[in-house]
Amino acid sequence: MHVVAAAEARLAQLGYTLLMASTREDARREQELLTLLRERRVDGAILCFGEETHPDLAQSLERLDTPVVVLDRQAPAGTDSVMVDHRAGTHAAARYLIGLGHRRIGLLTAAGHLRPGLERVAGMQKAYEESGLDFAHCSIRPECRTSNEAYAATLAMLDSPEPPTAILAPGSQALSGTLRAIRDRGLNIPRDISLISFGDTEIAQSNEPPITTIRWDLTALGQQAVDLLLHRIDGRIGSDVRSIHIPTEIILRQSCAAPLLAAKDTL
């Protein structure tokens, strides 16, 4: 909603009206909405797909015959995009945890087949390889969108023979599920397990202790998408495809510490 609000505000300043629709990650619904946009002859579209690999996606965008900016998804060839640098953020967070002594790190992603999830896995793998660690010690659980899905995935991690000593989890609803699972297993953050969330949500900020987060500028994400789209509509940029990356940063709070075994080894 922060992204939508930023986009709407920027469009309103320039006399445009924002029409918003959700596909609920239904590929058929996405195709229906693309058809509707073509029939309504909109000036431009900012799209965030629930399925990047749909075989008809590129052709549907061509038939749309209007400027398009893809938001934080792998864009088809020839399409402008604005994307969050999830790989760099995850890489930095994993390096931070490894520096604290963690070797078994759990990674929960909202959707393992979409760009954000794939980039986060790639960032984690890079951090392991740079540190000379076996990436097999990283436990990855995709499809953790809801609180219940994250709860079940976190419990499965914690109940495994070699549970992680640190977890990276999506923010908002999924983060609440991870926190509930940690509480239900009687674990203390950060004494027993360290935790980092993707996105600086209210849950991360208000939790006790506050959760270290990988943060990016949601307002900039919406504004950059609008600006790129309007530049394309007005013909202010050439034929070259533009791809803008929104940087990430680590906000350190009180949810991470050295794992217990590593801490004991230093005594």
# chains A, B, ... in the order shown; residues from 1 in each chain; ligands from 1
>>> closest_atom_pairs(of="segment 156-223 of chain A", to="segment 3-19 of chain A", cutoff="7 Å", atoms="only C-alpha atoms", output="CSV")
residue,atom,partner,partner_atom,distance
A:Leu218,CA,A:Val3,CA,5.3
A:Thr219,CA,A:Ala6,CA,5.2
A:Leu221,CA,A:Val3,CA,6.2
A:Gly222,CA,A:Val3,CA,4.5
A:Gln223,CA,A:Ala7,CA,5.2
>>> write_last_selection(atoms="N, CA, C and O atoms", output="PDB file, in the first residue's frame")
ATOM      1  N   LEU A 218       9.996   2.184  -0.031  1.00  0.00           N
ATOM      2  CA  LEU A 218       8.754   1.858  -0.732  1.00  0.00           C
ATOM      3  C   LEU A 218       8.210   3.051  -1.504  1.00  0.00           C
ATOM      4  O   LEU A 218       7.645   2.897  -2.592  1.00  0.00           O
ATOM      5  N   THR A 219       8.368   4.255  -0.934  1.00  0.00           N
ATOM      6  CA  THR A 219       7.914   5.449  -1.637  1.00  0.00           C
ATOM      7  C   THR A 219       8.684   5.631  -2.934  1.00  0.00           C
ATOM      8  O   THR A 219       8.110   5.921  -3.991  1.00  0.00           O
ATOM      9  N   LEU A 221      10.081   3.349  -4.670  1.00  0.00           N
ATOM     10  CA  LEU A 221       9.683   2.284  -5.588  1.00  0.00           C
ATOM     11  C   LEU A 221       8.469   2.714  -6.412  1.00  0.00           C
ATOM     12  O   LEU A 221       8.437   2.564  -7.640  1.00  0.00           O
ATOM     13  N   GLY A 222       7.458   3.271  -5.734  1.00  0.00           N
ATOM     14  CA  GLY A 222       6.268   3.728  -6.445  1.00  0.00           C
ATOM     15  C   GLY A 222       6.534   4.934  -7.317  1.00  0.00           C
ATOM     16  O   GLY A 222       6.070   5.015  -8.467  1.00  0.00           O
ATOM     17  N   GLN A 223       7.292   5.893  -6.801  1.00  0.00           N
ATOM     18  CA  GLN A 223       7.560   7.120  -7.555  1.00  0.00           C
ATOM     19  C   GLN A 223       8.424   6.852  -8.781  1.00  0.00           C
ATOM     20  O   GLN A 223       8.179   7.404  -9.858  1.00  0.00           O
TER      21      GLN A 223
END
>>> select_by_dssp(residues="segment 118-260 of chain A", states="strand (DSSP E)", output="PyMOL selection string")
chain A and resi 139-141+166-170+194-198+212-216+243-246+248-251
>>> closest_atom_pairs(of="segment 4-92 of chain A", to="segment 242-250 of chain A", cutoff="6 Å", atoms="only C-alpha atoms", output="JSON lines")
{"residue": "A:Asp80", "atom": "CA", "partner": "A:Arg242", "partner_atom": "CA", "distance": 5.0}
{"residue": "A:Ser81", "atom": "CA", "partner": "A:Ser243", "partner_atom": "CA", "distance": 4.8}
{"residue": "A:Val82", "atom": "CA", "partner": "A:Ile244", "partner_atom": "CA", "distance": 4.7}
{"residue": "A:Met83", "atom": "CA", "partner": "A:His245", "partner_atom": "CA", "distance": 4.9}
{"residue": "A:Val84", "atom": "CA", "partner": "A:Ile246", "partner_atom": "CA", "distance": 4.6}
{"residue": "A:Asp85", "atom": "CA", "partner": "A:Pro247", "partner_atom": "CA", "distance": 5.4}
{"residue": "A:Gly89", "atom": "CA", "partner": "A:Thr248", "partner_atom": "CA", "distance": 5.4}
>>> residues_around(residues="Pro259 of chain A", least_positions_apart="6", cutoff="9 Å", atoms="only C-alpha atoms", output="tab-separated table (two decimals) with N, CA and C atoms, in the first residue's frame")
chain	number	residue	atom	x	y	z
A	100	LEU	N	28.77	-13.20	12.72
A	100	LEU	CA	28.45	-13.44	14.13
A	100	LEU	C	28.74	-14.88	14.54
A	101	GLY	N	28.97	-15.74	13.56
A	101	GLY	CA	29.26	-17.13	13.87
A	101	GLY	C	28.21	-18.13	13.42
A	102	HIS	N	27.15	-17.66	12.77
A	102	HIS	CA	26.09	-18.56	12.32
A	102	HIS	C	26.54	-19.34	11.09
A	165	THR	N	20.31	-21.62	13.40
A	165	THR	CA	20.56	-20.73	14.54
A	165	THR	C	20.15	-19.30	14.21
A	166	ALA	N	19.77	-19.07	12.95
A	166	ALA	CA	19.28	-17.76	12.52
A	166	ALA	C	18.30	-17.96	11.38
A	190	PRO	N	17.47	-12.68	21.03
A	190	PRO	CA	18.37	-13.42	20.12
A	190	PRO	C	19.19	-14.50	20.81
A	191	ARG	N	18.91	-14.80	22.08
A	191	ARG	CA	19.76	-15.75	22.81
A	191	ARG	C	19.79	-17.12	22.14
A	192	ASP	N	18.59	-17.63	21.79
A	192	ASP	CA	18.50	-18.97	21.21
A	192	ASP	C	18.50	-18.96	19.68
A	193	ILE	N	17.99	-17.91	19.10
A	193	ILE	CA	17.90	-17.83	17.64
A	193	ILE	C	17.89	-16.36	17.22
A	194	SER	N	18.61	-16.06	16.15
A	194	SER	CA	18.61	-14.70	15.59
A	194	SER	C	17.58	-14.61	14.48
>>> residues_around(residues="Gly112 of chain A", least_positions_apart="3", cutoff="9 Å", atoms="only C-alpha atoms", output="JSON, numbers by chain")
{"A": [108, 109, 115, 116, 117, 118, 121, 141, 142, 143, 144]}
>>> write_last_selection(atoms="N, CA and C atoms", output="compact mmCIF listing (two decimals), in the first residue's frame")
# COMPACT_ATOMS: atom_id res chain seq x y z
N LEU A 108 13.19 -18.08 4.60
CA LEU A 108 11.80 -18.21 4.17
C LEU A 108 11.54 -17.19 3.07
N THR A 109 10.91 -17.62 1.98
CA THR A 109 10.56 -16.70 0.90
C THR A 109 9.07 -16.78 0.63
N ARG A 115 10.87 -13.47 -8.85
CA ARG A 115 12.16 -12.81 -8.79
C ARG A 115 12.64 -12.50 -7.38
N PRO A 116 11.82 -11.90 -6.49
CA PRO A 116 12.33 -11.61 -5.14
C PRO A 116 12.87 -12.85 -4.43
N GLY A 117 12.13 -13.96 -4.50
CA GLY A 117 12.58 -15.19 -3.84
C GLY A 117 13.84 -15.74 -4.47
N LEU A 118 13.89 -15.77 -5.79
CA LEU A 118 15.07 -16.28 -6.49
C LEU A 118 16.30 -15.43 -6.19
N VAL A 121 17.58 -16.14 -2.59
CA VAL A 121 18.34 -17.39 -2.53
C VAL A 121 19.73 -17.19 -3.13
N ARG A 141 12.84 -22.45 2.67
CA ARG A 141 11.42 -22.81 2.66
C ARG A 141 10.66 -21.78 1.84
N PRO A 142 10.23 -22.14 0.61
CA PRO A 142 9.46 -21.22 -0.21
C PRO A 142 7.98 -21.24 0.14
N GLU A 143 7.23 -20.39 -0.53
CA GLU A 143 5.77 -20.33 -0.40
C GLU A 143 5.34 -20.02 1.03
N CYS A 144 5.94 -19.00 1.61
CA CYS A 144 5.57 -18.55 2.96
C CYS A 144 4.97 -17.16 2.88
>>> residues_around(residues="segment 128-135 of chain A", least_positions_apart="6", cutoff="10 Å", atoms="only C-alpha atoms", output="PyMOL selection string")
chain A and resi 91+94-95+98-99+103-105+122
>>> residues_around(residues="Leu34 of chain A", least_positions_apart="4", cutoff="7 Å", atoms="only C-alpha atoms", output="ChimeraX atom specification")
/A:30,38,60,64
>>> write_last_selection(atoms="N, CA, C and O atoms", output="mmCIF file, in the first residue's frame")
data_model
loop_
_atom_site.group_PDB
_atom_site.id
_atom_site.type_symbol
_atom_site.label_atom_id
_atom_site.label_comp_id
_atom_site.auth_asym_id
_atom_site.auth_seq_id
_atom_site.Cartn_x
_atom_site.Cartn_y
_atom_site.Cartn_z
ATOM 1 N N GLU A 30 -4.889 -12.398 -14.571
ATOM 2 C CA GLU A 30 -3.945 -11.444 -15.133
ATOM 3 C C GLU A 30 -4.207 -11.217 -16.619
ATOM 4 O O GLU A 30 -4.186 -10.082 -17.100
ATOM 5 N N ARG A 38 -6.394 -3.116 -22.384
ATOM 6 C CA ARG A 38 -6.287 -2.827 -23.813
ATOM 7 C C ARG A 38 -7.600 -2.242 -24.332
ATOM 8 O O ARG A 38 -7.597 -1.281 -25.117
ATOM 9 N N SER A 60 0.984 -10.913 -24.540
ATOM 10 C CA SER A 60 -0.099 -10.102 -23.983
ATOM 11 C C SER A 60 0.350 -8.649 -23.812
ATOM 12 O O SER A 60 -0.426 -7.719 -24.071
ATOM 13 N N LEU A 64 -1.058 -5.252 -25.679
ATOM 14 C CA LEU A 64 -1.568 -4.141 -24.880
ATOM 15 C C LEU A 64 -1.337 -2.818 -25.577
ATOM 16 O O LEU A 64 -2.141 -1.890 -25.469
#
>>> residues_around(residues="segment 173-182 of chain A", least_positions_apart="2", cutoff="7 Å", atoms="only C-alpha atoms", output="VMD selection string")
chain A and resid 144 to 148 150 to 151 154 to 155 169 to 171 184 to 187 197
>>> write_last_selection(atoms="all heavy atoms", output="short mmCIF file (atom, residue, chain, number, x, y, z; two decimals), in the first residue's frame")
data_model
loop_
_atom_site.label_atom_id
_atom_site.label_comp_id
_atom_site.auth_asym_id
_atom_site.auth_seq_id
_atom_site.Cartn_x
_atom_site.Cartn_y
_atom_site.Cartn_z
N CYS A 144 5.94 -19.00 1.61
CA CYS A 144 5.57 -18.55 2.96
C CYS A 144 4.97 -17.16 2.88
O CYS A 144 5.57 -16.17 3.29
CB CYS A 144 6.79 -18.56 3.89
SG CYS A 144 7.48 -20.20 4.18
N ARG A 145 3.77 -17.07 2.32
CA ARG A 145 3.11 -15.78 2.17
C ARG A 145 2.31 -15.39 3.42
O ARG A 145 2.34 -14.25 3.84
CB ARG A 145 2.17 -15.80 0.96
CG ARG A 145 2.85 -16.02 -0.38
CD ARG A 145 1.80 -16.07 -1.49
NE ARG A 145 2.38 -16.22 -2.81
CZ ARG A 145 2.69 -17.39 -3.35
NH1 ARG A 145 2.47 -18.50 -2.68
NH2 ARG A 145 3.20 -17.45 -4.55
N THR A 146 1.60 -16.34 3.97
CA THR A 146 0.69 -16.06 5.07
C THR A 146 1.33 -16.38 6.41
O THR A 146 2.37 -17.05 6.48
CB THR A 146 -0.60 -16.88 4.93
OG1 THR A 146 -0.29 -18.27 5.12
CG2 THR A 146 -1.22 -16.69 3.56
N SER A 147 0.68 -15.94 7.46
CA SER A 147 1.16 -16.23 8.81
C SER A 147 1.19 -17.73 9.08
O SER A 147 2.16 -18.26 9.63
CB SER A 147 0.27 -15.52 9.84
OG SER A 147 0.65 -15.85 11.15
N ASN A 148 0.14 -18.44 8.66
CA ASN A 148 0.08 -19.88 8.91
C ASN A 148 1.13 -20.64 8.12
O ASN A 148 1.72 -21.61 8.62
CB ASN A 148 -1.32 -20.42 8.58
CG ASN A 148 -2.35 -20.00 9.61
OD1 ASN A 148 -2.02 -19.68 10.75
ND2 ASN A 148 -3.62 -19.99 9.21
N ALA A 150 4.07 -19.45 7.13
CA ALA A 150 5.37 -19.18 7.76
C ALA A 150 5.49 -19.90 9.09
O ALA A 150 6.57 -20.37 9.46
CB ALA A 150 5.54 -17.68 7.95
N TYR A 151 4.40 -20.00 9.81
CA TYR A 151 4.40 -20.72 11.10
C TYR A 151 4.78 -22.18 10.88
O TYR A 151 5.66 -22.72 11.57
CB TYR A 151 3.01 -20.61 11.73
CG TYR A 151 2.85 -21.38 13.02
CD1 TYR A 151 3.36 -20.90 14.22
CD2 TYR A 151 2.17 -22.60 13.03
CE1 TYR A 151 3.20 -21.60 15.41
CE2 TYR A 151 2.00 -23.31 14.21
CZ TYR A 151 2.53 -22.81 15.40
OH TYR A 151 2.37 -23.53 16.57
N THR A 154 8.47 -22.49 9.71
CA THR A 154 9.41 -22.23 10.80
C THR A 154 9.46 -23.39 11.78
O THR A 154 10.54 -23.80 12.22
CB THR A 154 9.04 -20.92 11.53
OG1 THR A 154 8.98 -19.85 10.58
CG2 THR A 154 10.08 -20.59 12.59
N LEU A 155 8.30 -23.95 12.13
CA LEU A 155 8.28 -25.11 13.02
C LEU A 155 9.06 -26.28 12.39
O LEU A 155 9.80 -26.98 13.09
CB LEU A 155 6.84 -25.54 13.29
CG LEU A 155 6.03 -24.71 14.27
CD1 LEU A 155 4.67 -25.34 14.47
CD2 LEU A 155 6.75 -24.55 15.61
N ALA A 169 13.18 -13.99 7.34
CA ALA A 169 11.77 -14.24 7.05
C ALA A 169 11.14 -13.02 6.40
O ALA A 169 11.53 -11.88 6.67
CB ALA A 169 11.01 -14.58 8.34
N PRO A 170 10.13 -13.23 5.53
CA PRO A 170 9.38 -12.09 4.99
C PRO A 170 8.70 -11.31 6.10
O PRO A 170 8.40 -11.85 7.18
CB PRO A 170 8.35 -12.76 4.07
CG PRO A 170 8.91 -14.11 3.77
CD PRO A 170 9.67 -14.51 4.99
N GLY A 171 8.43 -10.04 5.84
CA GLY A 171 7.81 -9.20 6.86
C GLY A 171 6.30 -9.39 6.93
O GLY A 171 5.72 -10.29 6.33
N ASP A 184 6.33 -20.59 20.43
CA ASP A 184 5.75 -21.89 20.77
C ASP A 184 6.82 -22.93 21.07
O ASP A 184 6.54 -23.93 21.76
CB ASP A 184 4.85 -22.38 19.63
CG ASP A 184 3.52 -21.64 19.59
OD1 ASP A 184 3.28 -20.81 20.49
OD2 ASP A 184 2.74 -21.89 18.65
N ARG A 185 8.01 -22.75 20.55
CA ARG A 185 9.11 -23.67 20.87
C ARG A 185 9.92 -23.18 22.07
O ARG A 185 10.94 -23.77 22.41
CB ARG A 185 10.01 -23.86 19.65
CG ARG A 185 9.38 -24.71 18.56
CD ARG A 185 9.11 -26.11 19.07
NE ARG A 185 8.44 -26.96 18.08
CZ ARG A 185 7.13 -27.16 18.02
NH1 ARG A 185 6.33 -26.56 18.92
NH2 ARG A 185 6.61 -27.95 17.11
N GLY A 186 9.46 -22.13 22.72
CA GLY A 186 10.10 -21.64 23.94
C GLY A 186 11.47 -21.04 23.71
O GLY A 186 12.30 -21.01 24.64
N LEU A 187 11.72 -20.53 22.51
CA LEU A 187 13.03 -19.96 22.20
C LEU A 187 13.04 -18.46 22.43
O LEU A 187 12.01 -17.77 22.27
CB LEU A 187 13.40 -20.26 20.74
CG LEU A 187 13.45 -21.75 20.36
CD1 LEU A 187 13.77 -21.90 18.89
CD2 LEU A 187 14.49 -22.48 21.22
N SER A 197 14.17 -9.74 9.22
CA SER A 197 13.00 -9.73 8.36
C SER A 197 13.26 -8.93 7.09
O SER A 197 14.08 -8.00 7.07
CB SER A 197 11.77 -9.15 9.08
OG SER A 197 11.88 -7.74 9.20
#
>>> atom_distance(atom1="atom CA of His231 of chain A", atom2="atom CA of Thr66 of chain A")
12.8 Å
>>> atom_distance(atom1="atom CA of His86 of chain A", atom2="atom CA of Arg73 of chain A")
11.1 Å
>>> closest_residue(among="A:Ala204, A:Ala93, A:Val241, A:Ile46", to="Gly78 of chain A", atoms="only C-alpha atoms")
A:Val241
>>> select_by_dssp(residues="segment 38-136 of chain A", states="helix (DSSP H, G or I)", output="ChimeraX atom specification")
/A:38-40,57-64,86-100,115-130,135-136
>>> closest_residue(among="A:Pro67, A:Glu149, A:His113, A:Asp227", to="Ser239 of chain A", atoms="only C-alpha atoms")
A:Pro67
>>> closest_residue(among="A:Arg183, A:Leu114, A:Ile167, A:Tyr96", to="Leu252 of chain A", atoms="only C-alpha atoms")
A:Tyr96
>>> atom_distance(atom1="atom CA of Ala58 of chain A", atom2="atom CA of Asp234 of chain A")
22.8 Å
